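Colleague: Contents of data35.cif (mmCIF, N, CA and C atoms):
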```
data_coords
#
loop_
_atom_site.label_atom_id
_atom_site.label_comp_id
_atom_site.auth_asym_id
_atom_site.auth_seq_id
_atom_site.Cartn_x
_atom_site.Cartn_y
_atom_site.Cartn_z
N MET A 1 0.86 -1.18 0.00
CA MET A 1 0.00 0.00 0.00
C MET A 1 0.90 1.24 0.00
N LYS A 2 0.50 2.24 -0.77
CA LYS A 2 1.29 3.48 -0.86
C LYS A 2 1.04 4.35 0.36
N PRO A 3 1.97 5.25 0.66
CA PRO A 3 1.79 6.15 1.81
C PRO A 3 0.55 7.03 1.62
N ILE A 4 -0.15 7.30 2.71
CA ILE A 4 -1.39 8.08 2.65
C ILE A 4 -1.13 9.50 2.15
N TRP A 5 0.04 10.06 2.47
CA TRP A 5 0.34 11.41 2.01
C TRP A 5 0.40 11.48 0.50
N LEU A 6 0.85 10.39 -0.15
CA LEU A 6 0.90 10.34 -1.61
C LEU A 6 -0.51 10.33 -2.20
N THR A 7 -1.40 9.62 -1.54
CA THR A 7 -2.80 9.59 -1.96
C THR A 7 -3.42 10.97 -1.86
N TYR A 8 -3.18 11.65 -0.74
CA TYR A 8 -3.74 12.99 -0.57
C TYR A 8 -3.07 14.00 -1.50
N ALA A 9 -1.79 13.80 -1.80
CA ALA A 9 -1.11 14.69 -2.75
C ALA A 9 -1.74 14.53 -4.14
N ALA A 10 -2.04 13.30 -4.52
CA ALA A 10 -2.71 13.06 -5.81
C ALA A 10 -4.10 13.68 -5.82
N LEU A 11 -4.82 13.56 -4.72
CA LEU A 11 -6.15 14.15 -4.64
C LEU A 11 -6.06 15.68 -4.68
N ALA A 12 -5.07 16.25 -4.01
CA ALA A 12 -4.87 17.70 -4.05
C ALA A 12 -4.55 18.16 -5.48
N ALA A 13 -3.71 17.40 -6.17
CA ALA A 13 -3.40 17.73 -7.57
C ALA A 13 -4.65 17.66 -8.44
N ALA A 14 -5.48 16.65 -8.19
CA ALA A 14 -6.73 16.53 -8.94
C ALA A 14 -7.63 17.73 -8.70
N ILE A 15 -7.73 18.15 -7.46
CA ILE A 15 -8.57 19.31 -7.12
C ILE A 15 -8.02 20.56 -7.78
N LEU A 16 -6.72 20.78 -7.65
CA LEU A 16 -6.10 21.97 -8.22
C LEU A 16 -6.27 22.01 -9.74
N LEU A 17 -6.03 20.89 -10.40
CA LEU A 17 -6.18 20.85 -11.86
C LEU A 17 -7.63 21.05 -12.29
N GLU A 18 -8.56 20.51 -11.52
CA GLU A 18 -9.99 20.70 -11.86
C GLU A 18 -10.37 22.16 -11.72
N VAL A 19 -9.88 22.83 -10.69
CA VAL A 19 -10.19 24.25 -10.49
C VAL A 19 -9.55 25.09 -11.59
N ILE A 20 -8.31 24.80 -11.94
CA ILE A 20 -7.66 25.53 -13.03
C ILE A 20 -8.41 25.27 -14.35
N GLY A 21 -8.78 24.01 -14.58
CA GLY A 21 -9.53 23.68 -15.79
C GLY A 21 -10.86 24.40 -15.86
N THR A 22 -11.56 24.51 -14.75
CA THR A 22 -12.83 25.22 -14.72
C THR A 22 -12.63 26.71 -14.95
N THR A 23 -11.53 27.25 -14.47
CA THR A 23 -11.20 28.65 -14.73
C THR A 23 -10.97 28.86 -16.23
N PHE A 24 -10.25 27.95 -16.86
CA PHE A 24 -10.05 28.04 -18.31
C PHE A 24 -11.36 27.81 -19.07
N LEU A 25 -12.26 27.00 -18.51
CA LEU A 25 -13.57 26.82 -19.13
C LEU A 25 -14.29 28.16 -19.23
N GLN A 26 -14.24 28.94 -18.17
CA GLN A 26 -14.83 30.28 -18.19
C GLN A 26 -14.13 31.16 -19.23
N LYS A 27 -12.80 31.07 -19.26
CA LYS A 27 -12.01 31.89 -20.19
C LYS A 27 -12.18 31.45 -21.65
N SER A 28 -12.61 30.21 -21.88
CA SER A 28 -12.74 29.71 -23.26
C SER A 28 -13.92 30.34 -24.01
N GLU A 29 -14.80 31.00 -23.27
CA GLU A 29 -15.98 31.64 -23.85
C GLU A 29 -16.73 30.66 -24.76
N GLN A 30 -17.21 29.59 -24.14
CA GLN A 30 -17.98 28.52 -24.80
C GLN A 30 -17.18 27.87 -25.93
N PHE A 31 -15.92 27.59 -25.66
CA PHE A 31 -14.99 26.92 -26.58
C PHE A 31 -14.68 27.74 -27.83
N SER A 32 -14.90 29.04 -27.79
CA SER A 32 -14.61 29.88 -28.96
C SER A 32 -13.17 30.37 -28.98
N LYS A 33 -12.44 30.21 -27.87
CA LYS A 33 -11.02 30.57 -27.81
C LYS A 33 -10.21 29.30 -27.66
N LEU A 34 -9.31 29.07 -28.61
CA LEU A 34 -8.60 27.80 -28.71
C LEU A 34 -7.67 27.52 -27.52
N THR A 35 -6.82 28.47 -27.16
CA THR A 35 -5.83 28.21 -26.10
C THR A 35 -6.49 27.87 -24.76
N PRO A 36 -7.46 28.67 -24.27
CA PRO A 36 -8.09 28.28 -23.00
C PRO A 36 -8.83 26.94 -23.10
N THR A 37 -9.38 26.63 -24.27
CA THR A 37 -10.09 25.36 -24.46
C THR A 37 -9.13 24.19 -24.35
N ILE A 38 -7.96 24.30 -24.98
CA ILE A 38 -6.96 23.23 -24.91
C ILE A 38 -6.43 23.09 -23.48
N LEU A 39 -6.14 24.21 -22.83
CA LEU A 39 -5.65 24.16 -21.46
C LEU A 39 -6.69 23.55 -20.52
N MET A 40 -7.97 23.88 -20.74
CA MET A 40 -9.05 23.30 -19.94
C MET A 40 -9.07 21.78 -20.09
N ALA A 41 -8.99 21.31 -21.33
CA ALA A 41 -9.04 19.87 -21.58
C ALA A 41 -7.85 19.16 -20.93
N LEU A 42 -6.67 19.75 -21.03
CA LEU A 42 -5.48 19.14 -20.42
C LEU A 42 -5.59 19.11 -18.90
N CYS A 43 -6.10 20.18 -18.33
CA CYS A 43 -6.28 20.21 -16.87
C CYS A 43 -7.29 19.16 -16.41
N TYR A 44 -8.40 19.04 -17.12
CA TYR A 44 -9.40 18.04 -16.75
C TYR A 44 -8.85 16.63 -16.91
N LEU A 45 -8.09 16.39 -17.96
CA LEU A 45 -7.48 15.07 -18.15
C LEU A 45 -6.55 14.75 -16.98
N GLY A 46 -5.71 15.71 -16.60
CA GLY A 46 -4.82 15.51 -15.46
C GLY A 46 -5.59 15.32 -14.16
N ALA A 47 -6.67 16.09 -13.99
CA ALA A 47 -7.48 15.99 -12.78
C ALA A 47 -8.04 14.57 -12.63
N PHE A 48 -8.57 14.03 -13.72
CA PHE A 48 -9.13 12.68 -13.63
C PHE A 48 -8.05 11.62 -13.45
N TYR A 49 -6.87 11.84 -14.00
CA TYR A 49 -5.78 10.91 -13.78
C TYR A 49 -5.44 10.85 -12.28
N PHE A 50 -5.21 12.03 -11.68
CA PHE A 50 -4.83 12.06 -10.27
C PHE A 50 -5.98 11.60 -9.36
N LEU A 51 -7.22 11.90 -9.75
CA LEU A 51 -8.36 11.40 -8.98
C LEU A 51 -8.37 9.87 -9.02
N SER A 52 -8.15 9.29 -10.19
CA SER A 52 -8.14 7.83 -10.29
C SER A 52 -7.02 7.21 -9.47
N TYR A 53 -5.89 7.90 -9.38
CA TYR A 53 -4.78 7.43 -8.55
C TYR A 53 -5.19 7.36 -7.08
N SER A 54 -5.90 8.38 -6.63
CA SER A 54 -6.31 8.41 -5.22
C SER A 54 -7.35 7.34 -4.91
N LEU A 55 -8.06 6.87 -5.94
CA LEU A 55 -9.10 5.86 -5.72
C LEU A 55 -8.54 4.49 -5.36
N LYS A 56 -7.23 4.32 -5.46
CA LYS A 56 -6.62 3.06 -5.02
C LYS A 56 -6.66 2.94 -3.50
N THR A 57 -6.80 4.07 -2.80
CA THR A 57 -6.79 4.07 -1.34
C THR A 57 -8.10 4.60 -0.75
N ILE A 58 -8.64 5.65 -1.35
CA ILE A 58 -9.85 6.29 -0.83
C ILE A 58 -11.07 5.78 -1.59
N PRO A 59 -12.12 5.35 -0.91
CA PRO A 59 -13.33 4.90 -1.60
C PRO A 59 -13.87 6.00 -2.53
N VAL A 60 -14.41 5.59 -3.65
CA VAL A 60 -14.82 6.53 -4.70
C VAL A 60 -15.79 7.60 -4.18
N GLY A 61 -16.73 7.24 -3.34
CA GLY A 61 -17.69 8.22 -2.83
C GLY A 61 -17.04 9.29 -1.99
N LEU A 62 -16.10 8.89 -1.15
CA LEU A 62 -15.40 9.86 -0.30
C LEU A 62 -14.43 10.72 -1.11
N ALA A 63 -13.69 10.08 -2.01
CA ALA A 63 -12.75 10.84 -2.85
C ALA A 63 -13.50 11.86 -3.69
N TYR A 64 -14.62 11.45 -4.26
CA TYR A 64 -15.40 12.36 -5.09
C TYR A 64 -16.01 13.48 -4.26
N ALA A 65 -16.43 13.17 -3.05
CA ALA A 65 -16.99 14.20 -2.16
C ALA A 65 -15.92 15.24 -1.82
N ILE A 66 -14.73 14.80 -1.52
CA ILE A 66 -13.64 15.72 -1.20
C ILE A 66 -13.26 16.53 -2.44
N TRP A 67 -13.08 15.85 -3.56
CA TRP A 67 -12.69 16.48 -4.82
C TRP A 67 -13.70 17.52 -5.27
N SER A 68 -14.94 17.12 -5.32
CA SER A 68 -15.96 18.05 -5.80
C SER A 68 -16.25 19.14 -4.78
N GLY A 69 -16.28 18.79 -3.50
CA GLY A 69 -16.57 19.79 -2.47
C GLY A 69 -15.54 20.89 -2.41
N LEU A 70 -14.27 20.51 -2.35
CA LEU A 70 -13.23 21.54 -2.30
C LEU A 70 -13.14 22.28 -3.63
N GLY A 71 -13.40 21.57 -4.72
CA GLY A 71 -13.42 22.23 -6.02
C GLY A 71 -14.48 23.31 -6.10
N ILE A 72 -15.66 23.02 -5.57
CA ILE A 72 -16.75 24.00 -5.55
C ILE A 72 -16.35 25.23 -4.75
N VAL A 73 -15.78 25.01 -3.59
CA VAL A 73 -15.39 26.13 -2.73
C VAL A 73 -14.29 26.96 -3.40
N LEU A 74 -13.28 26.30 -3.94
CA LEU A 74 -12.18 27.03 -4.56
C LEU A 74 -12.61 27.79 -5.81
N ILE A 75 -13.44 27.16 -6.66
CA ILE A 75 -13.86 27.84 -7.88
C ILE A 75 -14.82 28.98 -7.54
N SER A 76 -15.55 28.86 -6.47
CA SER A 76 -16.40 29.98 -6.02
C SER A 76 -15.54 31.16 -5.60
N ALA A 77 -14.44 30.89 -4.92
CA ALA A 77 -13.51 31.96 -4.52
C ALA A 77 -12.87 32.59 -5.75
N ILE A 78 -12.47 31.77 -6.71
CA ILE A 78 -11.88 32.31 -7.94
C ILE A 78 -12.92 33.14 -8.70
N GLY A 79 -14.14 32.64 -8.76
CA GLY A 79 -15.20 33.41 -9.41
C GLY A 79 -15.40 34.76 -8.77
N TYR A 80 -15.30 34.80 -7.46
CA TYR A 80 -15.48 36.05 -6.72
C TYR A 80 -14.32 37.02 -6.99
N PHE A 81 -13.09 36.53 -6.86
CA PHE A 81 -11.93 37.41 -6.97
C PHE A 81 -11.51 37.69 -8.41
N LEU A 82 -11.56 36.69 -9.28
CA LEU A 82 -11.06 36.85 -10.64
C LEU A 82 -12.13 37.37 -11.60
N PHE A 83 -13.34 36.83 -11.46
CA PHE A 83 -14.40 37.18 -12.40
C PHE A 83 -15.41 38.16 -11.82
N ARG A 84 -15.18 38.60 -10.58
CA ARG A 84 -16.06 39.57 -9.91
C ARG A 84 -17.51 39.09 -9.81
N GLN A 85 -17.68 37.79 -9.60
CA GLN A 85 -19.01 37.22 -9.41
C GLN A 85 -19.34 37.29 -7.92
N THR A 86 -20.55 37.64 -7.61
CA THR A 86 -20.92 37.82 -6.21
C THR A 86 -21.53 36.55 -5.62
N LEU A 87 -21.40 36.43 -4.32
CA LEU A 87 -22.00 35.35 -3.56
C LEU A 87 -22.87 35.97 -2.47
N ASP A 88 -24.12 35.54 -2.39
CA ASP A 88 -24.98 36.07 -1.33
C ASP A 88 -24.79 35.22 -0.06
N LEU A 89 -25.44 35.64 1.00
CA LEU A 89 -25.27 34.97 2.29
C LEU A 89 -25.65 33.48 2.25
N PRO A 90 -26.80 33.10 1.64
CA PRO A 90 -27.09 31.67 1.58
C PRO A 90 -26.02 30.87 0.83
N ALA A 91 -25.45 31.44 -0.22
CA ALA A 91 -24.38 30.74 -0.95
C ALA A 91 -23.16 30.55 -0.06
N MET A 92 -22.80 31.59 0.68
CA MET A 92 -21.63 31.48 1.56
C MET A 92 -21.87 30.49 2.70
N ILE A 93 -23.09 30.46 3.22
CA ILE A 93 -23.42 29.48 4.27
C ILE A 93 -23.33 28.07 3.70
N GLY A 94 -23.86 27.87 2.51
CA GLY A 94 -23.79 26.57 1.86
C GLY A 94 -22.37 26.12 1.63
N LEU A 95 -21.51 27.04 1.17
CA LEU A 95 -20.10 26.71 0.97
C LEU A 95 -19.44 26.36 2.30
N GLY A 96 -19.84 27.05 3.37
CA GLY A 96 -19.33 26.72 4.69
C GLY A 96 -19.70 25.30 5.11
N PHE A 97 -20.94 24.90 4.80
CA PHE A 97 -21.37 23.53 5.11
C PHE A 97 -20.56 22.51 4.30
N ILE A 98 -20.22 22.84 3.05
CA ILE A 98 -19.40 21.94 2.25
C ILE A 98 -18.04 21.74 2.91
N ILE A 99 -17.44 22.84 3.36
CA ILE A 99 -16.14 22.76 4.03
C ILE A 99 -16.25 21.91 5.30
N ILE A 100 -17.29 22.14 6.08
CA ILE A 100 -17.51 21.34 7.30
C ILE A 100 -17.67 19.86 6.95
N GLY A 101 -18.39 19.57 5.89
CA GLY A 101 -18.58 18.18 5.47
C GLY A 101 -17.27 17.52 5.08
N VAL A 102 -16.42 18.23 4.35
CA VAL A 102 -15.12 17.68 3.96
C VAL A 102 -14.26 17.42 5.20
N ILE A 103 -14.30 18.33 6.15
CA ILE A 103 -13.54 18.13 7.40
C ILE A 103 -14.05 16.91 8.14
N ILE A 104 -15.36 16.76 8.26
CA ILE A 104 -15.94 15.61 8.96
C ILE A 104 -15.51 14.31 8.30
N VAL A 105 -15.57 14.26 6.97
CA VAL A 105 -15.18 13.05 6.24
C VAL A 105 -13.73 12.70 6.54
N ASN A 106 -12.85 13.69 6.51
CA ASN A 106 -11.43 13.42 6.68
C ASN A 106 -11.01 13.15 8.11
N VAL A 107 -11.67 13.78 9.07
CA VAL A 107 -11.27 13.63 10.46
C VAL A 107 -11.93 12.42 11.13
N PHE A 108 -13.19 12.18 10.81
CA PHE A 108 -13.95 11.19 11.57
C PHE A 108 -14.26 9.89 10.83
N SER A 109 -14.11 9.86 9.52
CA SER A 109 -14.45 8.65 8.77
C SER A 109 -13.35 7.60 8.89
N ASN A 110 -13.75 6.36 9.13
CA ASN A 110 -12.81 5.24 9.14
C ASN A 110 -12.78 4.53 7.80
N SER A 111 -13.46 5.10 6.81
CA SER A 111 -13.54 4.47 5.48
C SER A 111 -12.27 4.66 4.67
N ILE A 112 -11.46 5.64 5.02
CA ILE A 112 -10.24 5.90 4.29
C ILE A 112 -9.14 5.00 4.86
N ASN A 113 -8.45 4.29 3.98
CA ASN A 113 -7.42 3.34 4.39
C ASN A 113 -6.14 4.08 4.76
N HIS A 114 -6.00 4.41 6.04
CA HIS A 114 -4.79 5.09 6.49
C HIS A 114 -3.74 4.07 6.66
#
```
As a first step, turn the structure in this file into structure tokens.
Modeller:
Amino acid sequence: MKPIWLTYAALAAAILLEVIGTTFLQKSEQFSKLTPTILMALCYLGAFYFLSYSLKTIPVGLAYAIWSGLGIVLISAIGYFLFRQTLDLPAMIGLGFIIIGVIIVNVFSNSINH
């Protein structure tokens, strides 16, 4: 079995690449700009590769919950700061619950093979 830190490093890479890919998706302007479209596709390909690597240790449901949950929070922050998109109070509360959920999964779940 591989070290758990390597699994989490792969999952972190997957999250980071998915967030970067989603940022390029916005920049691609519905695939009308070639460079952001290509970069988006490469980032998504890398994200799924690293996600699949983490699935050797973390059950698919938990890995996907962490990947998608943190991705949602990070891309919301990028949308706010980079694209000047606003978040209202219910959206921020919901994002807070996502963060709490990811913490609960990682701290209290025995489903992850440490």
Colleague: In terms of the shortest atom-to-atom distance over all atoms listed in the file, which of A:Val105, A:Ala10, A:Ile100, A:Met40 is closest to Leu25 in chain A?
Modeller: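 Answer, going by the shortest atom-to-atom distance: A:Met40.
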Colleague: Using only C-alpha atoms, which protein or nucleic acid residues come within 12 Å of Pro36 in chain A? Drop anything in the same chain fewer than 4 positions from it, and give the result as a PyMOL selection string.
Modeller: chain A and resi 20-32+40-43
Colleague: Can you tell me how far atom N of Ser52 in chain A sits from atom N of Gly96 in chain A, in Å to one decimal?
Modeller: 25.2 Å
Colleague: What does the distance between CA of Ser54 in chain A and atom N of Leu11 in chain A come to in Å, to one decimal place?
Modeller: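 Interatomic distance here is 5.4 Å.
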Colleague: Which is closest to Tyr64 in chain A among A:Ile38, A:Ile78, A:Val107, A:Ala47, if we use only C-alpha atoms?
Modeller: A:Ala47
Colleague: Hey, which of A:Phe50, A:Trp5, A:Phe97, A:Phe108 ends up closest to Leu70 in chain A? Count only C-alpha atoms.
Modeller: A:Phe97
Colleague: Could you tell me which of A:Leu62, A:Val102, A:Ile15, A:Ala91 comes closest to Gly46 in chain A if we count only N, CA and C atoms?
Modeller: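 Of the candidates, the smallest distance to Gly46 in chain A is held by A:Ile15.
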Colleague: Let me make sure I understand: among A:Ile103, A:Ile112, A:Ala77, A:Met92, which one has the smallest atom-to-atom distance to Pro59 in chain A if we use all atoms listed in the file?
Modeller: A:Ile112
Colleague: DSSP on the backbone, then: every residue of chain A marked alpha helix (DSSP H), written as an MDAnalysis selection string.
Modeller: chainID A and resid 4:27 34:54 60:81 89:108
